[in-house]
Amino acid sequence: MKRKFVAYYRVSTPKQGRSGLGLDAQRAAVAKAVGDGPTSIIAEFTEVESGKRNNRPALDEALTSARLHRATLVVAKVDRLTRSVGFLERLLDAGVDVRFADLPAIEGPTGRFMLQQMAAVAELEAGLISARTKAALAAAKARGQRLGGHRGGSLSSDAQARGREEQSRLADRRAADIAPLLMKLRSKGITSPTEIARTLTEHSIPTARGGAKWSAPQVTLIEARLARRP
């Protein structure tokens with residue numbers, strides 16, 4: 001199965017953008033980072049903006065595309081993205097994996113951890129606590145202590161409510177990401193849930209749970225969620 005990537009390039013001035021100055025080097029770095037294996041760059045976005053500015057419409061489009069296709073955002077260099085701590089924190093909330101061509105190819109949970117270190121050194125302590133907890137659990141298991149299973153406890157109503165709210169937030173974001181594609185399909189006469197599901201499957205758009213095949217009820221649920229949006 002091919003790994004999918006969305007490439008993001010940034011130049012600081014309109015002159016650089018028109019001339020391609022800097023873009024060739026960024027494209028070469030991204031191509032090298034992606035490699036020659038079963039991978040594919042499915043989309044490319046170029047921003048002409050100062051690194052000090054946080055208003056990045058092209059980056060927003062790149063993040064939306066990465067979420068839609070369950071792809072990794074790949075950037076030539078860390079400083080091409082931002083030097084702003086607050087901006088990196090917002091990037092973490094975008095819910096995509098990010099690869100920097102000038103850093104080791106660390107993705108998934110470990111990649112997010114590395115990005116968090118760039119945003120705030122304090123996150124390191126959280127990682128150390130997690131590591132100590134795992135070590136303590138491993139030691140307890142080695143001593144024969146029973147781990148896991150039901151212990152008679154349950155989540156509080158507040159915790160359950162927060163979990164439902166987070167699930168709803170993620171579902172709303174997924175629906176918003178796919179809304180422009182649904183509009184495009186309707187403009188082409190593809191309107192029934194069954195036709196839309198077949199087209200989404202043919203275009204290799206993952207379902208909300210990461211599946212490869214869409215069903216008509218899944219399309220209907222997304223359309224209903226979009227209809228409830230203000």
# chains A, B, ... in the order shown; residues from 1 in each chain; ligands from 1
call {"tool": "residues_around", "arguments": {"residues": "Val6 of chain A", "least_positions_apart": "2", "cutoff": "12 Å", "atoms": "only C-alpha atoms", "output": "PDB file with N, CA, C and O atoms, in the first residue's frame"}}
result
ATOM      1  N   ARG A   3       2.258   4.896   0.702  1.00  0.00           N
ATOM      2  CA  ARG A   3       2.174   5.959   1.693  1.00  0.00           C
ATOM      3  C   ARG A   3       1.825   7.245   0.962  1.00  0.00           C
ATOM      4  O   ARG A   3       2.396   7.559  -0.075  1.00  0.00           O
ATOM      5  N   LYS A   4       0.896   8.012   1.510  1.00  0.00           N
ATOM      6  CA  LYS A   4       0.460   9.248   0.867  1.00  0.00           C
ATOM      7  C   LYS A   4       1.004  10.459   1.607  1.00  0.00           C
ATOM      8  O   LYS A   4       1.000  10.499   2.837  1.00  0.00           O
ATOM      9  N   TYR A   8       4.152  20.769   1.434  1.00  0.00           N
ATOM     10  CA  TYR A   8       3.923  22.192   1.715  1.00  0.00           C
ATOM     11  C   TYR A   8       5.239  22.940   1.556  1.00  0.00           C
ATOM     12  O   TYR A   8       6.243  22.585   2.160  1.00  0.00           O
ATOM     13  N   TYR A   9       5.215  23.970   0.706  1.00  0.00           N
ATOM     14  CA  TYR A   9       6.393  24.801   0.481  1.00  0.00           C
ATOM     15  C   TYR A   9       6.059  26.247   0.870  1.00  0.00           C
ATOM     16  O   TYR A   9       4.912  26.683   0.741  1.00  0.00           O
ATOM     17  N   ARG A  27      11.568  21.406  -3.051  1.00  0.00           N
ATOM     18  CA  ARG A  27      10.991  20.234  -3.717  1.00  0.00           C
ATOM     19  C   ARG A  27      11.977  19.059  -3.719  1.00  0.00           C
ATOM     20  O   ARG A  27      11.589  17.905  -3.542  1.00  0.00           O
ATOM     21  N   VAL A  30      12.044  17.563  -0.226  1.00  0.00           N
ATOM     22  CA  VAL A  30      10.823  16.791   0.033  1.00  0.00           C
ATOM     23  C   VAL A  30      10.857  15.470  -0.725  1.00  0.00           C
ATOM     24  O   VAL A  30      10.519  14.418  -0.177  1.00  0.00           O
ATOM     25  N   ALA A  31      11.277  15.509  -1.993  1.00  0.00           N
ATOM     26  CA  ALA A  31      11.352  14.275  -2.789  1.00  0.00           C
ATOM     27  C   ALA A  31      12.307  13.268  -2.154  1.00  0.00           C
ATOM     28  O   ALA A  31      12.037  12.067  -2.123  1.00  0.00           O
ATOM     29  N   VAL A  34      10.657  11.797   1.034  1.00  0.00           N
ATOM     30  CA  VAL A  34       9.591  10.845   0.733  1.00  0.00           C
ATOM     31  C   VAL A  34      10.170   9.522   0.249  1.00  0.00           C
ATOM     32  O   VAL A  34       9.664   8.450   0.569  1.00  0.00           O
ATOM     33  N   THR A  39       5.425   5.183  -2.340  1.00  0.00           N
ATOM     34  CA  THR A  39       4.905   6.427  -1.782  1.00  0.00           C
ATOM     35  C   THR A  39       4.349   7.289  -2.905  1.00  0.00           C
ATOM     36  O   THR A  39       4.631   7.079  -4.079  1.00  0.00           O
ATOM     37  N   SER A  40       3.573   8.285  -2.524  1.00  0.00           N
ATOM     38  CA  SER A  40       2.979   9.165  -3.517  1.00  0.00           C
ATOM     39  C   SER A  40       2.716  10.534  -2.908  1.00  0.00           C
ATOM     40  O   SER A  40       2.145  10.636  -1.817  1.00  0.00           O
ATOM     41  N   ILE A  41       3.157  11.607  -3.583  1.00  0.00           N
ATOM     42  CA  ILE A  41       2.794  12.966  -3.192  1.00  0.00           C
ATOM     43  C   ILE A  41       1.500  13.290  -3.927  1.00  0.00           C
ATOM     44  O   ILE A  41       1.491  13.481  -5.142  1.00  0.00           O
ATOM     45  N   ILE A  42       0.404  13.337  -3.193  1.00  0.00           N
ATOM     46  CA  ILE A  42      -0.911  13.478  -3.823  1.00  0.00           C
ATOM     47  C   ILE A  42      -1.292  14.926  -4.069  1.00  0.00           C
ATOM     48  O   ILE A  42      -2.201  15.199  -4.857  1.00  0.00           O
ATOM     49  N   ALA A  43      -0.625  15.869  -3.380  1.00  0.00           N
ATOM     50  CA  ALA A  43      -0.943  17.285  -3.574  1.00  0.00           C
ATOM     51  C   ALA A  43       0.219  18.137  -3.102  1.00  0.00           C
ATOM     52  O   ALA A  43       0.986  17.723  -2.222  1.00  0.00           O
ATOM     53  N   GLU A  44       0.361  19.325  -3.690  1.00  0.00           N
ATOM     54  CA  GLU A  44       1.407  20.264  -3.314  1.00  0.00           C
ATOM     55  C   GLU A  44       0.780  21.643  -3.113  1.00  0.00           C
ATOM     56  O   GLU A  44      -0.084  22.061  -3.883  1.00  0.00           O
ATOM     57  N   PHE A  45       1.227  22.343  -2.069  1.00  0.00           N
ATOM     58  CA  PHE A  45       0.721  23.677  -1.776  1.00  0.00           C
ATOM     59  C   PHE A  45       1.901  24.605  -1.513  1.00  0.00           C
ATOM     60  O   PHE A  45       2.827  24.239  -0.786  1.00  0.00           O
ATOM     61  N   THR A  46       1.861  25.790  -2.105  1.00  0.00           N
ATOM     62  CA  THR A  46       2.946  26.755  -1.943  1.00  0.00           C
ATOM     63  C   THR A  46       2.402  28.037  -1.330  1.00  0.00           C
ATOM     64  O   THR A  46       1.424  28.606  -1.814  1.00  0.00           O
ATOM     65  N   ALA A  58      -2.696  28.649   2.441  1.00  0.00           N
ATOM     66  CA  ALA A  58      -2.222  27.461   1.716  1.00  0.00           C
ATOM     67  C   ALA A  58      -1.940  26.314   2.683  1.00  0.00           C
ATOM     68  O   ALA A  58      -2.186  25.148   2.357  1.00  0.00           O
ATOM     69  N   LEU A  59      -1.417  26.640   3.858  1.00  0.00           N
ATOM     70  CA  LEU A  59      -1.176  25.600   4.857  1.00  0.00           C
ATOM     71  C   LEU A  59      -2.494  25.018   5.343  1.00  0.00           C
ATOM     72  O   LEU A  59      -2.609  23.801   5.548  1.00  0.00           O
ATOM     73  N   ASP A  60      -3.505  25.867   5.533  1.00  0.00           N
ATOM     74  CA  ASP A  60      -4.821  25.361   5.933  1.00  0.00           C
ATOM     75  C   ASP A  60      -5.349  24.379   4.893  1.00  0.00           C
ATOM     76  O   ASP A  60      -5.903  23.323   5.236  1.00  0.00           O
ATOM     77  N   GLU A  61      -5.175  24.711   3.612  1.00  0.00           N
ATOM     78  CA  GLU A  61      -5.614  23.805   2.545  1.00  0.00           C
ATOM     79  C   GLU A  61      -4.811  22.503   2.576  1.00  0.00           C
ATOM     80  O   GLU A  61      -5.364  21.418   2.365  1.00  0.00           O
ATOM     81  N   ALA A  62      -3.517  22.618   2.834  1.00  0.00           N
ATOM     82  CA  ALA A  62      -2.668  21.422   2.888  1.00  0.00           C
ATOM     83  C   ALA A  62      -3.092  20.508   4.039  1.00  0.00           C
ATOM     84  O   ALA A  62      -3.150  19.282   3.888  1.00  0.00           O
ATOM     85  N   LEU A  63      -3.388  21.100   5.199  1.00  0.00           N
ATOM     86  CA  LEU A  63      -3.814  20.306   6.351  1.00  0.00           C
ATOM     87  C   LEU A  63      -5.154  19.632   6.078  1.00  0.00           C
ATOM     88  O   LEU A  63      -5.362  18.472   6.446  1.00  0.00           O
ATOM     89  N   THR A  64      -6.063  20.365   5.447  1.00  0.00           N
ATOM     90  CA  THR A  64      -7.364  19.775   5.107  1.00  0.00           C
ATOM     91  C   THR A  64      -7.180  18.595   4.155  1.00  0.00           C
ATOM     92  O   THR A  64      -7.793  17.538   4.327  1.00  0.00           O
ATOM     93  N   SER A  65      -6.332  18.768   3.148  1.00  0.00           N
ATOM     94  CA  SER A  65      -6.066  17.683   2.196  1.00  0.00           C
ATOM     95  C   SER A  65      -5.432  16.490   2.893  1.00  0.00           C
ATOM     96  O   SER A  65      -5.789  15.334   2.618  1.00  0.00           O
ATOM     97  N   ALA A  66      -4.507  16.741   3.822  1.00  0.00           N
ATOM     98  CA  ALA A  66      -3.847  15.650   4.534  1.00  0.00           C
ATOM     99  C   ALA A  66      -4.843  14.873   5.395  1.00  0.00           C
ATOM    100  O   ALA A  66      -4.804  13.639   5.449  1.00  0.00           O
ATOM    101  N   ARG A  67      -5.736  15.597   6.061  1.00  0.00           N
ATOM    102  CA  ARG A  67      -6.746  14.906   6.870  1.00  0.00           C
ATOM    103  C   ARG A  67      -7.695  14.110   5.981  1.00  0.00           C
ATOM    104  O   ARG A  67      -8.048  12.972   6.302  1.00  0.00           O
ATOM    105  N   LEU A  68      -8.112  14.716   4.880  1.00  0.00           N
ATOM    106  CA  LEU A  68      -9.072  14.070   3.993  1.00  0.00           C
ATOM    107  C   LEU A  68      -8.539  12.748   3.464  1.00  0.00           C
ATOM    108  O   LEU A  68      -9.251  11.743   3.428  1.00  0.00           O
ATOM    109  N   HIS A  69      -7.268  12.741   3.070  1.00  0.00           N
ATOM    110  CA  HIS A  69      -6.678  11.548   2.461  1.00  0.00           C
ATOM    111  C   HIS A  69      -5.905  10.682   3.459  1.00  0.00           C
ATOM    112  O   HIS A  69      -5.277   9.706   3.051  1.00  0.00           O
ATOM    113  N   ARG A  70      -5.931  11.056   4.762  1.00  0.00           N
ATOM    114  CA  ARG A  70      -5.150  10.340   5.761  1.00  0.00           C
ATOM    115  C   ARG A  70      -3.677  10.303   5.336  1.00  0.00           C
ATOM    116  O   ARG A  70      -3.019   9.275   5.384  1.00  0.00           O
ATOM    117  N   ALA A  71      -3.197  11.453   4.889  1.00  0.00           N
ATOM    118  CA  ALA A  71      -1.826  11.565   4.396  1.00  0.00           C
ATOM    119  C   ALA A  71      -0.959  12.298   5.413  1.00  0.00           C
ATOM    120  O   ALA A  71      -1.445  12.921   6.346  1.00  0.00           O
ATOM    121  N   THR A  72       0.358  12.219   5.207  1.00  0.00           N
ATOM    122  CA  THR A  72       1.326  12.919   6.047  1.00  0.00           C
ATOM    123  C   THR A  72       1.711  14.232   5.383  1.00  0.00           C
ATOM    124  O   THR A  72       1.988  14.270   4.184  1.00  0.00           O
ATOM    125  N   LEU A  73       1.727  15.309   6.156  1.00  0.00           N
ATOM    126  CA  LEU A  73       2.200  16.595   5.647  1.00  0.00           C
ATOM    127  C   LEU A  73       3.724  16.578   5.671  1.00  0.00           C
ATOM    128  O   LEU A  73       4.324  16.279   6.703  1.00  0.00           O
ATOM    129  N   VAL A  74       4.365  16.879   4.546  1.00  0.00           N
ATOM    130  CA  VAL A  74       5.822  16.873   4.492  1.00  0.00           C
ATOM    131  C   VAL A  74       6.301  18.278   4.143  1.00  0.00           C
ATOM    132  O   VAL A  74       5.800  18.915   3.211  1.00  0.00           O
ATOM    133  N   VAL A  75       7.271  18.774   4.921  1.00  0.00           N
ATOM    134  CA  VAL A  75       7.814  20.124   4.794  1.00  0.00           C
ATOM    135  C   VAL A  75       9.324  20.020   4.636  1.00  0.00           C
ATOM    136  O   VAL A  75       9.969  19.183   5.287  1.00  0.00           O
ATOM    137  N   ALA A  76       9.904  20.874   3.785  1.00  0.00           N
ATOM    138  CA  ALA A  76      11.337  20.778   3.507  1.00  0.00           C
ATOM    139  C   ALA A  76      12.182  21.033   4.749  1.00  0.00           C
ATOM    140  O   ALA A  76      13.110  20.287   5.052  1.00  0.00           O
ATOM    141  N   VAL A  96      -2.856  15.849  12.095  1.00  0.00           N
ATOM    142  CA  VAL A  96      -2.161  15.183  10.986  1.00  0.00           C
ATOM    143  C   VAL A  96      -0.735  14.870  11.403  1.00  0.00           C
ATOM    144  O   VAL A  96      -0.166  15.531  12.273  1.00  0.00           O
ATOM    145  N   ASP A  97      -0.157  13.852  10.772  1.00  0.00           N
ATOM    146  CA  ASP A  97       1.266  13.579  10.955  1.00  0.00           C
ATOM    147  C   ASP A  97       2.060  14.569  10.115  1.00  0.00           C
ATOM    148  O   ASP A  97       1.646  14.936   9.017  1.00  0.00           O
ATOM    149  N   VAL A  98       3.213  15.006  10.647  1.00  0.00           N
ATOM    150  CA  VAL A  98       4.055  15.959   9.936  1.00  0.00           C
ATOM    151  C   VAL A  98       5.471  15.406   9.850  1.00  0.00           C
ATOM    152  O   VAL A  98       6.011  14.904  10.838  1.00  0.00           O
ATOM    153  N   ARG A  99       6.047  15.464   8.653  1.00  0.00           N
ATOM    154  CA  ARG A  99       7.439  15.054   8.470  1.00  0.00           C
ATOM    155  C   ARG A  99       8.238  16.251   7.966  1.00  0.00           C
ATOM    156  O   ARG A  99       7.809  16.963   7.062  1.00  0.00           O
ATOM    157  N   PHE A 100       9.395  16.465   8.590  1.00  0.00           N
ATOM    158  CA  PHE A 100      10.316  17.512   8.141  1.00  0.00           C
ATOM    159  C   PHE A 100      11.496  16.847   7.454  1.00  0.00           C
ATOM    160  O   PHE A 100      12.122  15.945   8.006  1.00  0.00           O
TER     161      PHE A 100
END
call {"tool": "residues_around", "arguments": {"residues": "Leu221 of chain A", "least_positions_apart": "2", "cutoff": "12 Å", "atoms": "only C-alpha atoms", "output": "list in words"}}
result
Ala171, Asp172, Arg174, Ala175, Pro193, Ala197, Thr207, Ala208, Trp214, Ser215, Ala216, Pro217, Gln218, Val219, Glu223, Ala224, Arg225, Leu226, Ala227 and Arg228 of chain A
call {"tool": "write_last_selection", "arguments": {"atoms": "all heavy atoms", "output": "tab-separated table (two decimals), in the first residue's frame"}}
result
chain	number	residue	atom	x	y	z
A	171	ALA	N	-15.72	14.31	14.50
A	171	ALA	CA	-16.65	13.97	13.42
A	171	ALA	C	-17.04	15.22	12.64
A	171	ALA	O	-17.16	15.18	11.41
A	171	ALA	CB	-17.88	13.28	13.99
A	172	ASP	N	-17.25	16.34	13.36
A	172	ASP	CA	-17.58	17.60	12.68
A	172	ASP	C	-16.43	18.05	11.78
A	172	ASP	O	-16.65	18.51	10.66
A	172	ASP	CB	-17.89	18.69	13.71
A	172	ASP	CG	-19.26	18.53	14.34
A	172	ASP	OD1	-20.10	17.83	13.76
A	172	ASP	OD2	-19.48	19.11	15.42
A	174	ARG	N	-14.12	16.15	10.39
A	174	ARG	CA	-14.03	15.24	9.25
A	174	ARG	C	-15.09	15.60	8.21
A	174	ARG	O	-14.82	15.61	7.00
A	174	ARG	CB	-14.21	13.79	9.72
A	174	ARG	CG	-14.13	12.75	8.61
A	174	ARG	CD	-12.79	12.74	7.96
A	174	ARG	NE	-12.66	11.69	6.95
A	174	ARG	CZ	-11.65	11.59	6.10
A	174	ARG	NH1	-10.69	12.48	6.13
A	174	ARG	NH2	-11.61	10.60	5.23
A	175	ALA	N	-16.31	15.89	8.66
A	175	ALA	CA	-17.38	16.26	7.75
A	175	ALA	C	-17.04	17.56	7.02
A	175	ALA	O	-17.28	17.68	5.81
A	175	ALA	CB	-18.70	16.41	8.51
A	193	PRO	N	-26.50	8.88	-2.27
A	193	PRO	CA	-25.50	8.36	-1.33
A	193	PRO	C	-24.73	7.16	-1.87
A	193	PRO	O	-23.53	7.02	-1.63
A	193	PRO	CB	-26.34	7.98	-0.10
A	193	PRO	CG	-27.51	8.89	-0.16
A	193	PRO	CD	-27.82	9.04	-1.62
A	197	ALA	N	-20.79	7.24	-2.39
A	197	ALA	CA	-19.97	6.26	-1.68
A	197	ALA	C	-19.05	5.53	-2.65
A	197	ALA	O	-17.86	5.32	-2.37
A	197	ALA	CB	-20.87	5.25	-0.96
A	207	THR	N	-12.55	6.35	5.00
A	207	THR	CA	-13.73	6.65	5.80
A	207	THR	C	-13.30	7.26	7.13
A	207	THR	O	-12.10	7.37	7.42
A	207	THR	CB	-14.54	5.37	6.08
A	207	THR	OG1	-13.76	4.50	6.92
A	207	THR	CG2	-14.88	4.64	4.79
A	208	ALA	N	-14.27	7.66	7.94
A	208	ALA	CA	-13.96	8.28	9.23
A	208	ALA	C	-13.13	7.36	10.11
A	208	ALA	O	-12.30	7.82	10.90
A	208	ALA	CB	-15.25	8.67	9.95
A	214	TRP	N	-16.48	2.92	1.23
A	214	TRP	CA	-17.59	3.71	1.76
A	214	TRP	C	-18.91	2.98	1.52
A	214	TRP	O	-19.06	2.22	0.57
A	214	TRP	CB	-17.65	5.06	1.06
A	214	TRP	CG	-16.62	6.04	1.54
A	214	TRP	CD1	-15.30	6.08	1.17
A	214	TRP	CD2	-16.82	7.11	2.45
A	214	TRP	NE1	-14.66	7.11	1.81
A	214	TRP	CE2	-15.56	7.76	2.59
A	214	TRP	CE3	-17.91	7.58	3.14
A	214	TRP	CZ2	-15.40	8.87	3.42
A	214	TRP	CZ3	-17.75	8.68	3.97
A	214	TRP	CH2	-16.52	9.31	4.11
A	215	SER	N	-19.89	3.29	2.38
A	215	SER	CA	-21.24	2.77	2.20
A	215	SER	C	-22.20	3.96	2.13
A	215	SER	O	-21.89	5.07	2.59
A	215	SER	CB	-21.64	1.86	3.37
A	215	SER	OG	-21.73	2.61	4.57
A	216	ALA	N	-23.37	3.74	1.57
A	216	ALA	CA	-24.37	4.80	1.47
A	216	ALA	C	-24.76	5.36	2.85
A	216	ALA	O	-24.88	6.57	3.01
A	216	ALA	CB	-25.60	4.29	0.72
A	217	PRO	N	-24.96	4.51	3.88
A	217	PRO	CA	-25.29	5.06	5.20
A	217	PRO	C	-24.21	5.98	5.75
A	217	PRO	O	-24.51	6.98	6.44
A	217	PRO	CB	-25.45	3.80	6.07
A	217	PRO	CG	-25.86	2.74	5.11
A	217	PRO	CD	-25.09	3.04	3.86
A	218	GLN	N	-22.93	5.69	5.49
A	218	GLN	CA	-21.86	6.56	5.95
A	218	GLN	C	-21.96	7.94	5.31
A	218	GLN	O	-21.77	8.96	5.96
A	218	GLN	CB	-20.49	5.94	5.65
A	218	GLN	CG	-20.15	4.74	6.50
A	218	GLN	CD	-18.88	4.05	6.04
A	218	GLN	OE1	-18.66	3.84	4.86
A	218	GLN	NE2	-18.02	3.71	6.99
A	219	VAL	N	-22.28	7.97	4.02
A	219	VAL	CA	-22.45	9.25	3.31
A	219	VAL	C	-23.64	10.00	3.89
A	219	VAL	O	-23.58	11.21	4.13
A	219	VAL	CB	-22.63	9.00	1.81
A	219	VAL	CG1	-22.98	10.32	1.09
A	219	VAL	CG2	-21.38	8.39	1.20
A	223	GLU	N	-23.70	13.78	5.53
A	223	GLU	CA	-24.59	14.82	5.02
A	223	GLU	C	-25.51	15.36	6.10
A	223	GLU	O	-25.78	16.56	6.17
A	223	GLU	CB	-25.40	14.27	3.85
A	223	GLU	CG	-24.55	14.00	2.60
A	223	GLU	CD	-25.36	13.44	1.46
A	223	GLU	OE1	-26.36	12.75	1.74
A	223	GLU	OE2	-25.00	13.67	0.29
A	224	ALA	N	-25.97	14.47	6.98
A	224	ALA	CA	-26.84	14.90	8.08
A	224	ALA	C	-26.05	15.79	9.05
A	224	ALA	O	-26.57	16.80	9.56
A	224	ALA	CB	-27.41	13.70	8.82
A	225	ARG	N	-24.80	15.44	9.31
A	225	ARG	CA	-23.99	16.25	10.21
A	225	ARG	C	-23.71	17.63	9.60
A	225	ARG	O	-23.74	18.64	10.29
A	225	ARG	CB	-22.66	15.53	10.50
A	225	ARG	CG	-21.76	16.22	11.50
A	225	ARG	CD	-20.62	15.34	11.92
A	225	ARG	NE	-21.03	14.23	12.74
A	225	ARG	CZ	-21.21	14.31	14.04
A	225	ARG	NH1	-20.99	15.45	14.68
A	225	ARG	NH2	-21.58	13.24	14.72
A	226	LEU	N	-23.47	17.67	8.30
A	226	LEU	CA	-23.25	18.95	7.62
A	226	LEU	C	-24.50	19.80	7.63
A	226	LEU	O	-24.44	21.04	7.75
A	226	LEU	CB	-22.79	18.70	6.18
A	226	LEU	CG	-21.39	18.14	6.01
A	226	LEU	CD1	-21.12	17.75	4.56
A	226	LEU	CD2	-20.33	19.15	6.47
A	227	ALA	N	-25.67	19.16	7.52
A	227	ALA	CA	-26.95	19.89	7.51
A	227	ALA	C	-27.22	20.56	8.86
A	227	ALA	O	-27.93	21.57	8.92
A	227	ALA	CB	-28.09	18.96	7.15
A	228	ARG	N	-26.63	20.00	9.93
A	228	ARG	CA	-26.85	20.56	11.27
A	228	ARG	C	-25.92	21.72	11.58
A	228	ARG	O	-26.07	22.38	12.60
A	228	ARG	CB	-26.69	19.48	12.33
A	228	ARG	CG	-27.73	18.39	12.28
A	228	ARG	CD	-27.73	17.60	13.58
A	228	ARG	NE	-26.47	16.92	13.81
A	228	ARG	CZ	-26.20	15.67	13.41
A	228	ARG	NH1	-27.11	15.00	12.73
A	228	ARG	NH2	-25.04	15.11	13.67
call {"tool": "closest_residue", "arguments": {"among": "A:Arg229, A:Arg10, A:Lys2, A:Lys141", "to": "Ala176 of chain A", "atoms": "only C-alpha atoms"}}
result
A:Arg229
call {"tool": "select_by_dssp", "arguments": {"residues": "segment 38-80 of chain A", "states": "alpha helix (DSSP H)", "output": "PyMOL selection string"}}
result
chain A and resi 57-69+78-80
call {"tool": "write_last_selection", "arguments": {"atoms": "all heavy atoms", "output": "compact mmCIF listing (two decimals), in the first residue's frame"}}
result
# COMPACT_ATOMS: atom_id res chain seq x y z
N PRO A 57 -3.22 30.55 4.50
CA PRO A 57 -4.33 29.86 3.81
C PRO A 57 -3.88 28.61 3.06
O PRO A 57 -4.61 27.61 3.03
CB PRO A 57 -4.86 30.93 2.85
CG PRO A 57 -3.78 31.96 2.75
CD PRO A 57 -3.08 31.95 4.07
N ALA A 58 -2.70 28.65 2.44
CA ALA A 58 -2.22 27.46 1.72
C ALA A 58 -1.94 26.31 2.68
O ALA A 58 -2.19 25.15 2.36
CB ALA A 58 -0.97 27.79 0.90
N LEU A 59 -1.42 26.64 3.86
CA LEU A 59 -1.18 25.60 4.86
C LEU A 59 -2.49 25.02 5.34
O LEU A 59 -2.61 23.80 5.55
CB LEU A 59 -0.37 26.16 6.03
CG LEU A 59 -0.06 25.16 7.15
CD1 LEU A 59 0.73 23.98 6.62
CD2 LEU A 59 0.70 25.84 8.28
N ASP A 60 -3.51 25.87 5.53
CA ASP A 60 -4.82 25.36 5.93
C ASP A 60 -5.35 24.38 4.89
O ASP A 60 -5.90 23.32 5.24
CB ASP A 60 -5.81 26.52 6.10
CG ASP A 60 -5.49 27.38 7.32
OD1 ASP A 60 -4.80 26.88 8.22
OD2 ASP A 60 -5.93 28.54 7.34
N GLU A 61 -5.18 24.71 3.61
CA GLU A 61 -5.61 23.80 2.55
C GLU A 61 -4.81 22.50 2.58
O GLU A 61 -5.36 21.42 2.36
CB GLU A 61 -5.46 24.48 1.19
CG GLU A 61 -6.40 25.65 0.96
CD GLU A 61 -6.17 26.29 -0.40
OE1 GLU A 61 -5.60 25.62 -1.28
OE2 GLU A 61 -6.56 27.46 -0.58
N ALA A 62 -3.52 22.62 2.83
CA ALA A 62 -2.67 21.42 2.89
C ALA A 62 -3.09 20.51 4.04
O ALA A 62 -3.15 19.28 3.89
CB ALA A 62 -1.21 21.82 3.04
N LEU A 63 -3.39 21.10 5.20
CA LEU A 63 -3.81 20.31 6.35
C LEU A 63 -5.15 19.63 6.08
O LEU A 63 -5.36 18.47 6.45
CB LEU A 63 -3.90 21.20 7.59
CG LEU A 63 -2.56 21.71 8.14
CD1 LEU A 63 -2.79 22.76 9.21
CD2 LEU A 63 -1.73 20.57 8.68
N THR A 64 -6.06 20.36 5.45
CA THR A 64 -7.36 19.78 5.11
C THR A 64 -7.18 18.60 4.16
O THR A 64 -7.79 17.54 4.33
CB THR A 64 -8.28 20.83 4.45
OG1 THR A 64 -8.53 21.87 5.39
CG2 THR A 64 -9.61 20.21 4.03
N SER A 65 -6.33 18.77 3.15
CA SER A 65 -6.07 17.68 2.20
C SER A 65 -5.43 16.49 2.89
O SER A 65 -5.79 15.33 2.62
CB SER A 65 -5.15 18.19 1.08
OG SER A 65 -4.85 17.17 0.16
N ALA A 66 -4.51 16.74 3.82
CA ALA A 66 -3.85 15.65 4.53
C ALA A 66 -4.84 14.87 5.39
O ALA A 66 -4.80 13.64 5.45
CB ALA A 66 -2.71 16.20 5.39
N ARG A 67 -5.74 15.60 6.06
CA ARG A 67 -6.75 14.91 6.87
C ARG A 67 -7.69 14.11 5.98
O ARG A 67 -8.05 12.97 6.30
CB ARG A 67 -7.54 15.92 7.71
CG ARG A 67 -6.83 16.44 8.93
CD ARG A 67 -7.81 17.10 9.89
NE ARG A 67 -8.52 18.21 9.27
CZ ARG A 67 -8.13 19.48 9.33
NH1 ARG A 67 -7.01 19.80 9.96
NH2 ARG A 67 -8.84 20.43 8.75
N LEU A 68 -8.11 14.72 4.88
CA LEU A 68 -9.07 14.07 3.99
C LEU A 68 -8.54 12.75 3.46
O LEU A 68 -9.25 11.74 3.43
CB LEU A 68 -9.41 15.01 2.83
CG LEU A 68 -10.40 14.48 1.79
CD1 LEU A 68 -11.75 14.24 2.43
CD2 LEU A 68 -10.53 15.47 0.63
N HIS A 69 -7.27 12.74 3.07
CA HIS A 69 -6.68 11.55 2.46
C HIS A 69 -5.90 10.68 3.46
O HIS A 69 -5.28 9.71 3.05
CB HIS A 69 -5.73 11.96 1.33
CG HIS A 69 -6.43 12.58 0.16
ND1 HIS A 69 -7.02 11.84 -0.83
CD2 HIS A 69 -6.66 13.88 -0.16
CE1 HIS A 69 -7.57 12.64 -1.73
NE2 HIS A 69 -7.37 13.89 -1.35
N VAL A 78 12.15 22.79 8.99
CA VAL A 78 11.36 23.26 10.12
C VAL A 78 11.09 24.76 9.99
O VAL A 78 9.97 25.22 10.20
CB VAL A 78 12.08 22.96 11.45
CG1 VAL A 78 11.35 23.64 12.60
CG2 VAL A 78 12.17 21.47 11.69
N ASP A 79 12.11 25.55 9.62
CA ASP A 79 11.92 27.00 9.58
C ASP A 79 11.06 27.44 8.40
O ASP A 79 10.65 28.60 8.32
CB ASP A 79 13.26 27.74 9.56
CG ASP A 79 14.11 27.41 8.33
OD1 ASP A 79 13.60 26.73 7.42
OD2 ASP A 79 15.26 27.84 8.29
N ARG A 80 10.76 26.51 7.46
CA ARG A 80 9.81 26.85 6.40
C ARG A 80 8.39 26.85 6.94
O ARG A 80 7.49 27.40 6.31
CB ARG A 80 9.91 25.84 5.24
CG ARG A 80 11.17 25.92 4.42
CD ARG A 80 11.28 27.23 3.68
NE ARG A 80 11.92 28.26 4.48
CZ ARG A 80 12.01 29.54 4.12
NH1 ARG A 80 11.46 29.97 3.01
NH2 ARG A 80 12.62 30.40 4.90
call {"tool": "atom_distance", "arguments": {"atom1": "atom CA of Pro38 of chain A", "atom2": "atom CA of Gly22 of chain A"}}
result
27.0 Å
call {"tool": "atom_distance", "arguments": {"atom1": "atom CA of Lys77 of chain A", "atom2": "atom CA of Asn55 of chain A"}}
result
18.6 Å
call {"tool": "closest_residue", "arguments": {"among": "A:Ile222, A:Arg162, A:Arg143, A:Ser157", "to": "Ile178 of chain A", "atoms": "only C-alpha atoms"}}
result
A:Ile222
call {"tool": "atom_distance", "arguments": {"atom1": "atom CA of Leu103 of chain A", "atom2": "atom CA of Ala33 of chain A"}}
result
9.2 Å
